[in-house]
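Asker: Questions regarding the structure given below will be posed in turn.
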Amino acid sequence: MHFKNGILYLLLATAIFSCSEKNGSEKTATSSVVTESEKLKFRIDTLTNELENPWGIAFLPDGRILVTERKGEIRIIQDGKLLAEKIENVPAVYAHGQGGLLDIIAHPDYATNGWIYFSYAKPGEGGGGTTIVRAKLNGNALTDVQELFTAQPYVDSEVHFGSRIVFDGNGHIFFSCGERGTKENAQNLGNHLGKVLRLNEDGSVPNDNPFVATAGAKPEIWSYGHRNPQGLVYNKTTGELWNVEHGPKGGDELNKVEKGKNYGWPVITYGINYDGTPITAITAKEGMEQPVWYWVPSIATCGMAQVTSDKYPGWKNNFLVGALAQTHIARVEVENGKYIKHERILEKIGRVRMIAQSPDGYLYIATESPGMVLKINPAQ
């Protein structure tokens, strides 16, 4: 979707916010404005605009939506409204800079086993570390909290926690960890930083992980050479794992993430340092993977979904990628592993932190500044 001018966006924003009705402490609205993108017409429904820094979205079979707030809260959206009650017994988080309570996802068989998985920056000696936990819900309280993993080493840094979690449907989880602001970590197999990692659902290490038998390597590693992957998708039909990760100044990447491969950071990159100086003189090297697509300048990629739902026929199999700095969603078309094109939709909607597809096929967006959860509804 390309807004022809600022007036159209103003109309959209007005429809979202000025039509809000107060219900307790919560405002909800349905936009009557139809937005026309290249391949789909849609409307935006606002479920809440009263959050601060929503990060992850999880869907429960009873229709409730759980939303993490980075400061350490799990909020509940029920029947289209943000509840005043919050989930209790959330672990203490390392709420510094980009750290805090991060992703959340319900187990695909939640109706049977009741497990909810989430990631957070855990405080500890030396700073904080990306940690994966699973727990169950008893009413509105977490119980049976089990720590499955914590990234080593802990670092006194406020950046690059990664933290997205996905299931492959075959008994494993994949999740990401940023290099915590130290470039060299990404190429070092002796730590968890700057990696995509893979565990069995109970937190044990699969015996077919690529570096299980490599001396000195962390056995949880699936791939390495990543900077800060904050979007992760597993396509259960194709068996493909995809990520988006932040570049520095330029060089945000969309990658097809494969077993044991090296994605190059910081040896190769299409970005430069924030002060304009070069990081490296090369953008390609043998033994290092090229991104399927990259953004220069950076859009600050965060959160992604692959549209598998039939509710959005024009977007089927496309990636929707959130943009923090450039406050839009990038719709990216890929065929046979090759980039085709992309389109910017919902310009100036806010800092898009997460995009998620619900089990019933609808797309939801979490934004910062303002802190909202939105639903994309196809227009007939």
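Each chain of the structure tokens is named A, B, ... in the order shown, its residues numbered from 1; ligands are numbered from 1 in display order.
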Neighbouring residues of A:Gly194 were defined as those with any atom within 7 Å, considering only C-alpha atoms; residues of the same chain fewer than 2 positions away were excluded. Please report them as an MDAnalysis selection string.
Answerer: chainID A and resid 177:179 185:186 192 224:228
Asker: Out of A:Leu40, A:Met354, A:Ile365, A:Val159, which residue has the shortest atom-to-atom distance to A:Lys311 when counting only C-alpha atoms?
Answerer: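 Looking only at the distances to A:Lys311, the closest residue turns out to be A:Leu40.
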Asker: Using only C-alpha atoms, determine which residues lie at most 6 Å from A:Glu253, disregarding the query and same-chain residues fewer than 6 positions distant; provide the list as a compact mmCIF listing (two decimals) with N, CA, C and O atoms, in the first residue's frame.
Answerer:
```
# COMPACT_ATOMS: atom_id res chain seq x y z
N VAL A 244 14.38 -12.50 10.11
CA VAL A 244 14.84 -11.16 9.77
C VAL A 244 15.69 -10.69 10.93
O VAL A 244 15.42 -11.01 12.09
N GLU A 245 16.74 -9.95 10.60
CA GLU A 245 17.63 -9.47 11.65
C GLU A 245 18.09 -8.06 11.35
O GLU A 245 18.20 -7.64 10.20
N PRO A 291 22.06 -12.95 2.26
CA PRO A 291 20.64 -12.79 2.57
C PRO A 291 19.80 -12.96 1.31
O PRO A 291 20.25 -12.68 0.20
N TRP A 293 17.20 -11.18 0.94
CA TRP A 293 16.93 -9.76 0.66
C TRP A 293 17.56 -8.96 1.78
O TRP A 293 17.71 -9.44 2.91
N TYR A 294 17.96 -7.72 1.46
CA TYR A 294 18.47 -6.84 2.50
C TYR A 294 17.98 -5.42 2.23
O TYR A 294 17.65 -5.05 1.10
```
Asker: Find the spatial neighbours of stretch 172-174 of chain A, counting only C-alpha atoms, within a cut-off of 9 Å - ignore same-chain residues fewer than 5 positions away - and output them as a PyMOL selection string.
Answerer: chain A and resi 164-167+196-203+206+222+232+234+241
Asker: Closest to A:Glu220 among A:Val334, A:Val267, A:Ala151, A:Leu346, using only C-alpha atoms?
Answerer: A:Ala151
Asker: Using only C-alpha atoms, which residue out of A:His160, A:Lys236, A:His328, A:Lys256 lies closest to A:Pro108?
Answerer: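 Ranking A:His160, A:Lys236, A:His328, A:Lys256 by distance to A:Pro108, first place goes to A:Lys236.
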Asker: Please return as a PyMOL selection string: the residues of stretch 21-193 of chain A that backbone DSSP assigns to helix (DSSP H, G or I).
Answerer: chain A and resi 110-113+183-187
Asker: Give me the residues near A:Glu88 as an MDAnalysis selection string, where near means some atom within 8 Å (using only C-alpha atoms) and where sequence neighbours in that chain fewer than 3 positions away do not count.
Answerer: chainID A and resid 140:142
Asker: Next, write the just-selected residues to a file, as a PDB file, in the first residue's frame, keeping C-alpha atoms as the atom set.
Answerer:
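Below is the file selection_7.pdb, written as the result:
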```pdb
ATOM      1  CA  ASN A 140      -4.446 -15.871  35.632  1.00  0.00           C
ATOM      2  CA  ALA A 141      -1.255 -17.113  37.318  1.00  0.00           C
ATOM      3  CA  LEU A 142       1.776 -18.903  35.912  1.00  0.00           C
TER       4      LEU A 142
END
```
Asker: Can you tell me how far atom CA of A:Lys86 sits from atom CA of A:Cys302, in Å to one decimal?
Answerer: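 Atom-to-atom, atom CA of A:Lys86 to atom CA of A:Cys302, that is 24.9 Å.
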Asker: Which value, in Å to one decimal, gives the distance between atom CA of A:Arg353 and atom CA of A:Leu324?
Answerer: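 Separation between atom CA of A:Arg353 and atom CA of A:Leu324: 6.5 Å.
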Asker: Would you mind listing what lies within 6 Å of A:Leu374 as a list in words, with only C-alpha atoms counted and same-chain residues fewer than 3 positions away left out?
Answerer: Asp45, Thr46, Leu47, Tyr364 and Ile365 of chain A
Asker: For the selection just defined, write its residues with N, CA, C and O atoms to a file, as a PDB file, in the first residue's frame.
Answerer:
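Dumped everything to result25.pdb:
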```pdb
ATOM      1  N   ASP A  45      -8.573  -3.011  12.722  1.00  0.00           N
ATOM      2  CA  ASP A  45      -9.300  -2.911  13.983  1.00  0.00           C
ATOM      3  C   ASP A  45      -8.295  -2.693  15.107  1.00  0.00           C
ATOM      4  O   ASP A  45      -7.265  -3.374  15.167  1.00  0.00           O
ATOM      5  N   THR A  46      -8.595  -1.781  15.999  1.00  0.00           N
ATOM      6  CA  THR A  46      -7.737  -1.514  17.147  1.00  0.00           C
ATOM      7  C   THR A  46      -8.299  -2.236  18.367  1.00  0.00           C
ATOM      8  O   THR A  46      -9.390  -1.903  18.829  1.00  0.00           O
ATOM      9  N   LEU A  47      -7.546  -3.221  18.874  1.00  0.00           N
ATOM     10  CA  LEU A  47      -7.975  -3.931  20.076  1.00  0.00           C
ATOM     11  C   LEU A  47      -7.588  -3.155  21.334  1.00  0.00           C
ATOM     12  O   LEU A  47      -8.313  -3.172  22.315  1.00  0.00           O
ATOM     13  N   TYR A 364      -2.389 -10.174  13.320  1.00  0.00           N
ATOM     14  CA  TYR A 364      -2.368  -9.192  14.397  1.00  0.00           C
ATOM     15  C   TYR A 364      -1.014  -8.493  14.407  1.00  0.00           C
ATOM     16  O   TYR A 364       0.011  -9.079  14.059  1.00  0.00           O
ATOM     17  N   ILE A 365      -1.029  -7.236  14.839  1.00  0.00           N
ATOM     18  CA  ILE A 365       0.172  -6.402  14.861  1.00  0.00           C
ATOM     19  C   ILE A 365       0.322  -5.801  16.253  1.00  0.00           C
ATOM     20  O   ILE A 365      -0.664  -5.337  16.843  1.00  0.00           O
TER      21      ILE A 365
END
```
Asker: Rank A:Pro297, A:Thr68, A:Leu83, A:Pro123 by their smallest atom-to-atom distance to A:Leu101, using only C-alpha atoms, and report the top residue only.
Answerer: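 Between A:Pro297, A:Thr68, A:Leu83, A:Pro123, the residue approaching A:Leu101 most closely is A:Thr68.
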Asker: With DSSP run on the backbone, what are the strand (DSSP E or B) residues within stretch 119-345 of chain A? I'd like them as a ChimeraX atom specification.
Answerer: /A:119-124,127-138,141-150,155,165-167,172-177,195-200,221-224,229-235,240-245,249,252-257,262,272,293-295,301-306,319-323,328-335,338-345
Asker: Atom CA of A:Asp208 and atom CA of A:Phe149 are how many Å apart?
Answerer: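 These two atoms are separated by 18.0 Å.
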